[in-house]
Structure formats: structure tokens, C-alpha cells
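Listing of data-v2.cif, mmCIF, C-alpha atoms and all ligand atoms
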```cif
data_protein
#
loop_
_atom_site.label_atom_id
_atom_site.label_comp_id
_atom_site.auth_asym_id
_atom_site.auth_seq_id
_atom_site.Cartn_x
_atom_site.Cartn_y
_atom_site.Cartn_z
CA MET F 1 -6.23 46.64 54.73
CA SER F 2 -3.46 47.87 57.05
CA ASP F 3 -6.03 49.31 59.45
CA ILE F 4 -7.76 45.95 59.85
CA ASP F 5 -7.09 44.22 63.17
CA TRP F 6 -6.55 40.71 61.82
CA ALA F 7 -5.43 39.42 65.23
CA ALA F 8 -8.78 40.47 66.71
CA LEU F 9 -10.64 38.80 63.85
CA ARG F 10 -8.66 35.59 64.28
CA ALA F 11 -9.31 35.68 68.03
CA ALA F 12 -13.05 36.00 67.39
CA ALA F 13 -12.93 33.11 64.90
CA ASN F 14 -11.01 30.95 67.35
CA GLU F 15 -13.52 31.71 70.09
CA ALA F 16 -16.41 30.92 67.75
CA LYS F 17 -14.99 27.54 66.76
CA LEU F 18 -15.21 26.45 70.42
CA LYS F 19 -19.01 26.66 70.12
CA ALA F 20 -19.23 24.42 67.05
CA TYR F 21 -21.77 21.57 67.07
CA ILE F 22 -19.87 18.89 65.19
CA PRO F 23 -20.94 15.39 66.32
CA TYR F 24 -20.57 13.99 62.78
CA SER F 25 -17.38 15.44 61.33
CA ASN F 26 -15.58 16.45 64.53
CA PHE F 27 -14.24 19.31 62.41
CA PRO F 28 -14.86 22.63 64.17
CA VAL F 29 -14.88 25.83 62.15
CA GLY F 30 -14.99 29.41 63.38
CA ALA F 31 -15.54 32.40 61.11
CA ALA F 32 -15.28 36.09 61.92
CA ALA F 33 -15.71 39.27 59.96
CA LEU F 34 -15.38 43.01 60.28
CA VAL F 35 -18.53 44.89 59.29
CA ASP F 36 -18.41 48.31 57.62
CA ASP F 37 -19.58 49.99 60.84
CA GLY F 38 -16.72 48.49 62.87
CA ARG F 39 -18.58 45.57 64.42
CA ILE F 40 -16.90 42.18 64.63
CA ILE F 41 -19.27 39.27 64.05
CA SER F 42 -18.63 35.54 64.14
CA GLY F 43 -20.17 32.12 63.67
CA CYS F 44 -19.52 28.40 64.08
CA ASN F 45 -20.62 25.36 62.13
CA VAL F 46 -23.74 23.53 63.28
CA GLU F 47 -24.17 20.02 61.90
CA ASN F 48 -27.26 17.86 61.56
CA ALA F 49 -28.11 14.14 61.62
CA SER F 50 -29.31 14.74 58.06
CA TYR F 51 -25.72 15.51 57.05
CA GLY F 52 -26.49 17.61 53.98
CA VAL F 53 -28.41 20.24 55.89
CA GLY F 54 -25.57 21.05 58.28
CA LEU F 55 -24.71 24.73 58.49
CA CYS F 56 -21.24 26.05 57.77
CA ALA F 57 -19.76 28.64 60.13
CA GLU F 58 -20.30 31.27 57.43
CA CYS F 59 -24.06 30.66 57.52
CA ALA F 60 -24.10 31.51 61.21
CA LEU F 61 -21.90 34.53 60.55
CA VAL F 62 -24.28 35.91 57.92
CA SER F 63 -27.23 35.32 60.24
CA SER F 64 -25.38 37.19 62.96
CA LEU F 65 -24.71 40.03 60.49
CA TYR F 66 -28.45 40.65 60.16
CA MET F 67 -29.32 39.86 63.77
CA THR F 68 -26.92 42.58 64.94
CA GLY F 69 -27.83 45.37 62.55
CA GLY F 70 -26.91 44.41 58.97
CA GLY F 71 -24.23 46.11 56.92
CA LYS F 72 -21.51 44.91 54.57
CA LEU F 73 -18.52 42.67 55.24
CA VAL F 74 -15.15 44.39 54.96
CA ALA F 75 -12.75 41.66 56.12
CA PHE F 76 -13.11 37.95 56.86
CA THR F 77 -11.17 35.08 58.36
CA CYS F 78 -11.97 31.47 59.09
CA VAL F 79 -10.12 28.88 61.20
CA ASP F 80 -10.17 25.14 61.75
CA GLY F 81 -9.89 23.27 65.04
CA ASN F 82 -6.14 23.85 65.20
CA GLY F 83 -6.53 27.57 64.63
CA ASN F 84 -5.18 27.33 61.10
CA VAL F 85 -6.69 29.52 58.41
CA LEU F 86 -9.34 27.66 56.43
CA MET F 87 -10.67 28.51 52.99
CA PRO F 88 -14.41 29.03 52.87
CA CYS F 89 -16.07 26.32 50.76
CA GLY F 90 -17.48 27.28 47.37
CA ARG F 91 -21.02 27.74 48.64
CA CYS F 92 -19.79 29.98 51.42
CA ARG F 93 -17.77 32.15 49.03
CA GLN F 94 -21.08 32.81 47.29
CA LEU F 95 -22.72 33.56 50.65
CA LEU F 96 -19.96 36.01 51.55
CA PHE F 97 -20.02 37.65 48.11
CA GLU F 98 -23.68 38.59 48.52
CA HIS F 99 -22.92 40.56 51.69
CA SER F 100 -19.46 41.89 50.82
CA ALA F 101 -18.41 45.51 50.75
CA PRO F 102 -16.55 46.39 47.54
CA GLY F 103 -12.98 45.09 47.85
CA MET F 104 -13.70 42.88 50.87
CA ILE F 105 -10.51 41.14 51.99
CA LEU F 106 -10.21 37.54 53.10
CA GLU F 107 -7.37 35.92 54.95
CA THR F 108 -6.69 32.77 52.94
CA VAL F 109 -4.29 29.84 52.92
CA SER F 110 -2.34 31.69 50.24
CA GLY F 111 -2.34 35.19 51.69
CA PHE F 112 -4.79 38.06 51.72
CA LYS F 113 -7.16 38.13 48.78
CA THR F 114 -10.18 40.10 47.69
CA ILE F 115 -13.60 38.54 47.38
CA ASP F 116 -13.30 38.94 43.60
CA GLU F 117 -10.12 36.89 43.64
CA VAL F 118 -11.66 34.00 45.54
CA LEU F 119 -14.90 34.11 43.52
CA PRO F 120 -14.04 35.48 40.07
CA ASP F 121 -16.80 36.49 37.66
CA ALA F 122 -19.32 35.91 40.43
CA PHE F 123 -23.01 35.53 39.91
CA GLY F 124 -24.62 38.01 42.28
CA PRO F 125 -27.27 40.64 42.91
CA ARG F 126 -25.95 42.83 40.07
CA THR F 127 -26.42 39.98 37.59
CA LEU F 128 -30.10 39.91 38.43
CA GLU F 129 -30.39 43.71 38.31
CA GLU F 130 -28.78 43.80 34.87
CA TYR F 131 -31.11 41.09 33.64
CA ALA F 132 -34.17 42.93 34.91
CA SER F 133 -33.24 46.28 33.33
N1 LIG F 201 -17.30 23.91 57.07
C1 LIG F 201 -17.56 25.22 57.39
O1 LIG F 201 -18.15 25.49 58.45
N2 LIG F 201 -17.18 26.17 56.54
C2 LIG F 201 -16.48 25.96 55.38
O2 LIG F 201 -16.26 26.90 54.62
C3 LIG F 201 -15.98 24.62 55.09
C4 LIG F 201 -16.63 23.52 55.85
C5 LIG F 201 -17.76 22.87 57.97
C6 LIG F 201 -18.95 22.07 57.47
C7 LIG F 201 -18.83 20.80 58.29
O3 LIG F 201 -19.51 20.99 59.52
C8 LIG F 201 -17.35 20.66 58.56
O4 LIG F 201 -16.76 21.90 58.21
C9 LIG F 201 -16.67 19.56 57.75
O5 LIG F 201 -16.97 19.69 56.40
#
```

Could you take the file, read its structure, and then write that structure out as C-alpha cells?
Amino acid sequence: MSDIDWAALRAAANEAKLKAYIPYSNFPVGAAALVDDGRIISGCNVENASYGVGLCAECALVSSLYMTGGGKLVAFTCVDGNGNVLMPCGRCRQLLFEHSAPGMILETVSGFKTIDEVLPDAFGPRTLEEYAS
């Protein structure tokens, strides 16, 4: 936690938000995360004329995770157009949970929290493993 460079993560998120494709909402979002091998990855939201299929910034971030070598997310932050911290939507908490390292930390509107705190009792890969065994 203390060894995480949150300023660098926020800078990456703020840079990412500048790339957002947001003709419909005009609400840019930038997300950035630290991967367990030290990489910093990021993503922006990409909207669509068919509004419901627009992609949140977290979707781009997870795609970038795999495009740049995979791994698990250790720390995450997300910002709006003003650079203020933004909570990931419910769907994106689920997205992040799937790829989280144990104890992953998120910068939230109410301080630093673990992934388990922002998505308690999550449904995830382990649920399916337990069911199958
Ligand atoms: N958005 C994100 O990119 N991530 C979130 O976690 C919340 C919402 C985007 C989706 C849409 O392009 C815009 O914010 C307004 O909802």
C-alpha cells in the first residue's frame, strides 16, 4: 500500500481520460492500474451510437492488461473529466474483481479500499471452481 505510487497511477488515469470517445455523454473517464509485475496500464471509455454497448474505461484497461502480458491488478484508480476520483460502476467492480490480486487496493471517493470492500461476497472464478468440485 505505502509502496504504491498513487500519483503515477492518477497521472496515467488523467492521461487516459484525454483519449476518451464520449460523443453521447461528454463524460470522460480514465482508469489506471498497477499490475503485479510493476507495469502501469490504463484505459478510457469508448461510447457507441447504440448507447448500451459503450465500453467503460475499465473494459479498455482489462483489455490492455492482456494485450501487454497479463497478470493481476494490485492497485487501481479512476478519474472523471475534472480529475476527481470516480467509483467504478457495479459491472466494472465485477470486471476488476476477476483480474485482481489478493488484497487489491482501489482509490475511492471514500478513501482507499480493498476489492473485497467494494464488492463484498463477490461471485467469481472461485465460486465456479467450488461448484464444479
Ligand atoms: N463510465 C466508465 O467508463 N466507468 C465507470 O466505472 C463508470 C461510467 C463511463 C461510461 C460512459 O461512457 C460514461 O462514463 C457516462 O456513464

Identify which of the residues F:Ile22, F:Val118, F:Ala101, F:Leu61 lies closest to ligand LIG 201 (chain F), counting only C-alpha atoms and all ligand atoms when measuring atom-to-atom distances. F:Ile22

Nearest to Ile4 in chain F by atom-to-atom distance, counting only C-alpha atoms, from F:Ser25, F:Asn48, F:Asn82, F:Thr77: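 Distance minimum relative to Ile4 in chain F lands on F:Thr77.
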
With only C-alpha atoms as the counted atoms, please give the residues lying no more than 7 Å from His99 in chain F, apart from itself and same-chain residues fewer than 3 positions off, as a PyMOL selection string. chain F and resi 72-73+96

CA of Phe123 in chain F and CA of Ser42 in chain F, how far apart in Å?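 Pair CA of Ser42 in chain F / CA of Phe123 in chain F returns 24.6 Å.
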
Once you add 5 Å to each side, what are the centre and edge lengths of the axis-aligned box holding all listed atoms of ligand LIG 201 (chain F)? One decimal in Å, as AutoDock Vina command-line options, if you can.
```
--center_x -17.7 --center_y 23.2 --center_z 57.1 --size_x 13.5 --size_y 17.3 --size_z 14.9
```

What residues of the protein or nucleic acid chains come within 8 Å of ligand LIG 201 (chain F) when you use all atoms listed in the file? Reply as JSON, numbers by chain. {"F": [21, 22, 24, 25, 26, 27, 28, 29, 30, 31, 44, 45, 46, 47, 54, 55, 56, 57, 58, 59, 78, 86, 87, 88, 89, 90, 91, 92, 93]}

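Minimum distance to Met104 in chain F across F:Trp6, F:Val35, F:Ala49, F:Ile40 (counting only C-alpha atoms) occurs at F:Val35.
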
Looking at all atoms listed in the file, which of F:Gly71, F:Thr108, F:Ala12, F:Pro23 is the one that sits closest to Gly43 in chain F?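 Nearest to Gly43 in chain F: F:Ala12.
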
Could you work out how far CA of Ala11 in chain F lies from CA of Gly70 in chain F, giving the answer in Å with one decimal?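 Separation of CA of Gly70 in chain F and CA of Ala11 in chain F: 21.6 Å.
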
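Counting all atoms listed in the file, Val109 in chain F has the following residues at most 9 Å away, ignoring those fewer than 2 positions along the same chain: Asn84, Val85, Leu86, Met87, Glu107, Gly111 and Phe112 of chain F.
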
Would you put the residues from that selection into a file with C-alpha atoms, as a PDB file, in the frame of the given file?
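Final output, saved to result.pdb:
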```
ATOM      1  CA  ASN F  84      -5.180  27.330  61.100  1.00  0.00           C
ATOM      2  CA  VAL F  85      -6.690  29.520  58.410  1.00  0.00           C
ATOM      3  CA  LEU F  86      -9.340  27.660  56.430  1.00  0.00           C
ATOM      4  CA  MET F  87     -10.670  28.510  52.990  1.00  0.00           C
ATOM      5  CA  GLU F 107      -7.370  35.920  54.950  1.00  0.00           C
ATOM      6  CA  GLY F 111      -2.340  35.190  51.690  1.00  0.00           C
ATOM      7  CA  PHE F 112      -4.790  38.060  51.720  1.00  0.00           C
TER       8      PHE F 112
END
```

Between CA of Phe76 in chain F and CA of Ala32 in chain F - distance in Å to one decimal: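 It comes out at 5.8 Å.
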
Got a sec to write range 68-84 of chain F of the block to a file, all heavy atoms, as a compact mmCIF listing (two decimals), in the first residue's frame?
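The resulting file, selection.txt, is reproduced below:
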```txt
# COMPACT_ATOMS: atom_id res chain seq x y z
N THR F 68 -0.82 -6.55 -22.96
CA THR F 68 0.57 -6.20 -22.59
C THR F 68 1.21 -7.25 -21.68
O THR F 68 2.22 -6.96 -21.04
CB THR F 68 0.62 -4.81 -21.91
OG1 THR F 68 -0.18 -4.83 -20.72
CG2 THR F 68 0.11 -3.71 -22.83
N GLY F 69 0.62 -8.44 -21.62
CA GLY F 69 1.32 -9.50 -20.91
C GLY F 69 0.57 -10.18 -19.78
O GLY F 69 1.10 -11.09 -19.15
N GLY F 70 -0.65 -9.75 -19.49
CA GLY F 70 -1.46 -10.40 -18.45
C GLY F 70 -0.99 -10.03 -17.06
O GLY F 70 -0.33 -9.01 -16.85
N GLY F 71 -1.36 -10.85 -16.09
CA GLY F 71 -1.01 -10.59 -14.69
C GLY F 71 -2.23 -10.21 -13.88
O GLY F 71 -3.37 -10.31 -14.36
N LYS F 72 -1.99 -9.81 -12.64
CA LYS F 72 -3.08 -9.48 -11.72
C LYS F 72 -2.97 -8.02 -11.30
O LYS F 72 -1.86 -7.48 -11.16
CB LYS F 72 -3.00 -10.37 -10.47
CG LYS F 72 -3.29 -11.84 -10.76
CD LYS F 72 -4.76 -12.04 -11.10
CE LYS F 72 -5.08 -13.50 -11.36
NZ LYS F 72 -6.42 -13.69 -11.92
N LEU F 73 -4.11 -7.42 -11.04
CA LEU F 73 -4.16 -6.00 -10.67
C LEU F 73 -3.93 -5.84 -9.16
O LEU F 73 -4.59 -6.48 -8.35
CB LEU F 73 -5.54 -5.41 -11.03
CG LEU F 73 -5.95 -5.57 -12.49
CD1 LEU F 73 -7.38 -5.07 -12.71
CD2 LEU F 73 -4.98 -4.84 -13.41
N VAL F 74 -2.99 -4.97 -8.84
CA VAL F 74 -2.61 -4.74 -7.45
C VAL F 74 -3.25 -3.47 -6.89
O VAL F 74 -3.65 -3.42 -5.72
CB VAL F 74 -1.06 -4.64 -7.36
CG1 VAL F 74 -0.61 -4.16 -6.00
CG2 VAL F 74 -0.43 -5.98 -7.71
N ALA F 75 -3.33 -2.44 -7.73
CA ALA F 75 -3.86 -1.15 -7.28
C ALA F 75 -4.56 -0.49 -8.47
O ALA F 75 -4.16 -0.69 -9.62
CB ALA F 75 -2.73 -0.25 -6.78
N PHE F 76 -5.61 0.30 -8.16
CA PHE F 76 -6.45 0.85 -9.23
C PHE F 76 -6.95 2.23 -8.85
O PHE F 76 -7.29 2.50 -7.69
CB PHE F 76 -7.65 -0.09 -9.42
CG PHE F 76 -8.70 0.46 -10.35
CD1 PHE F 76 -8.63 0.24 -11.72
CD2 PHE F 76 -9.77 1.21 -9.85
CE1 PHE F 76 -9.61 0.76 -12.58
CE2 PHE F 76 -10.74 1.73 -10.70
CZ PHE F 76 -10.66 1.49 -12.06
N THR F 77 -7.00 3.10 -9.85
CA THR F 77 -7.67 4.39 -9.65
C THR F 77 -8.41 4.77 -10.93
O THR F 77 -8.12 4.25 -12.01
CB THR F 77 -6.68 5.49 -9.23
OG1 THR F 77 -7.41 6.63 -8.76
CG2 THR F 77 -5.79 5.91 -10.38
N CYS F 78 -9.36 5.66 -10.77
CA CYS F 78 -10.23 6.04 -11.88
C CYS F 78 -10.59 7.52 -11.68
O CYS F 78 -10.86 7.93 -10.56
CB CYS F 78 -11.47 5.15 -11.78
SG CYS F 78 -12.62 5.27 -13.13
N VAL F 79 -10.57 8.29 -12.77
CA VAL F 79 -10.88 9.72 -12.63
C VAL F 79 -11.91 10.16 -13.66
O VAL F 79 -12.03 9.57 -14.74
CB VAL F 79 -9.62 10.60 -12.78
CG1 VAL F 79 -8.61 10.32 -11.68
CG2 VAL F 79 -8.99 10.44 -14.17
N ASP F 80 -12.62 11.24 -13.30
CA ASP F 80 -13.57 11.84 -14.24
C ASP F 80 -12.88 12.98 -15.00
O ASP F 80 -11.66 13.19 -14.86
CB ASP F 80 -14.84 12.30 -13.51
CG ASP F 80 -14.58 13.47 -12.55
OD1 ASP F 80 -13.51 14.12 -12.62
OD2 ASP F 80 -15.46 13.72 -11.70
N GLY F 81 -13.67 13.72 -15.76
CA GLY F 81 -13.11 14.77 -16.61
C GLY F 81 -12.43 15.90 -15.84
O GLY F 81 -11.61 16.62 -16.39
N ASN F 82 -12.80 16.05 -14.58
CA ASN F 82 -12.17 17.09 -13.75
C ASN F 82 -10.97 16.55 -12.98
O ASN F 82 -10.39 17.27 -12.16
CB ASN F 82 -13.19 17.67 -12.77
CG ASN F 82 -14.32 18.38 -13.48
OD1 ASN F 82 -14.08 19.07 -14.47
ND2 ASN F 82 -15.54 18.22 -12.99
N GLY F 83 -10.67 15.30 -13.18
CA GLY F 83 -9.55 14.69 -12.45
C GLY F 83 -9.94 14.21 -11.07
O GLY F 83 -9.08 13.81 -10.28
N ASN F 84 -11.23 14.25 -10.77
CA ASN F 84 -11.67 13.74 -9.46
C ASN F 84 -11.82 12.23 -9.50
O ASN F 84 -12.20 11.66 -10.52
CB ASN F 84 -13.02 14.37 -9.08
CG ASN F 84 -12.90 15.86 -8.85
OD1 ASN F 84 -11.91 16.33 -8.28
ND2 ASN F 84 -13.88 16.62 -9.32
```
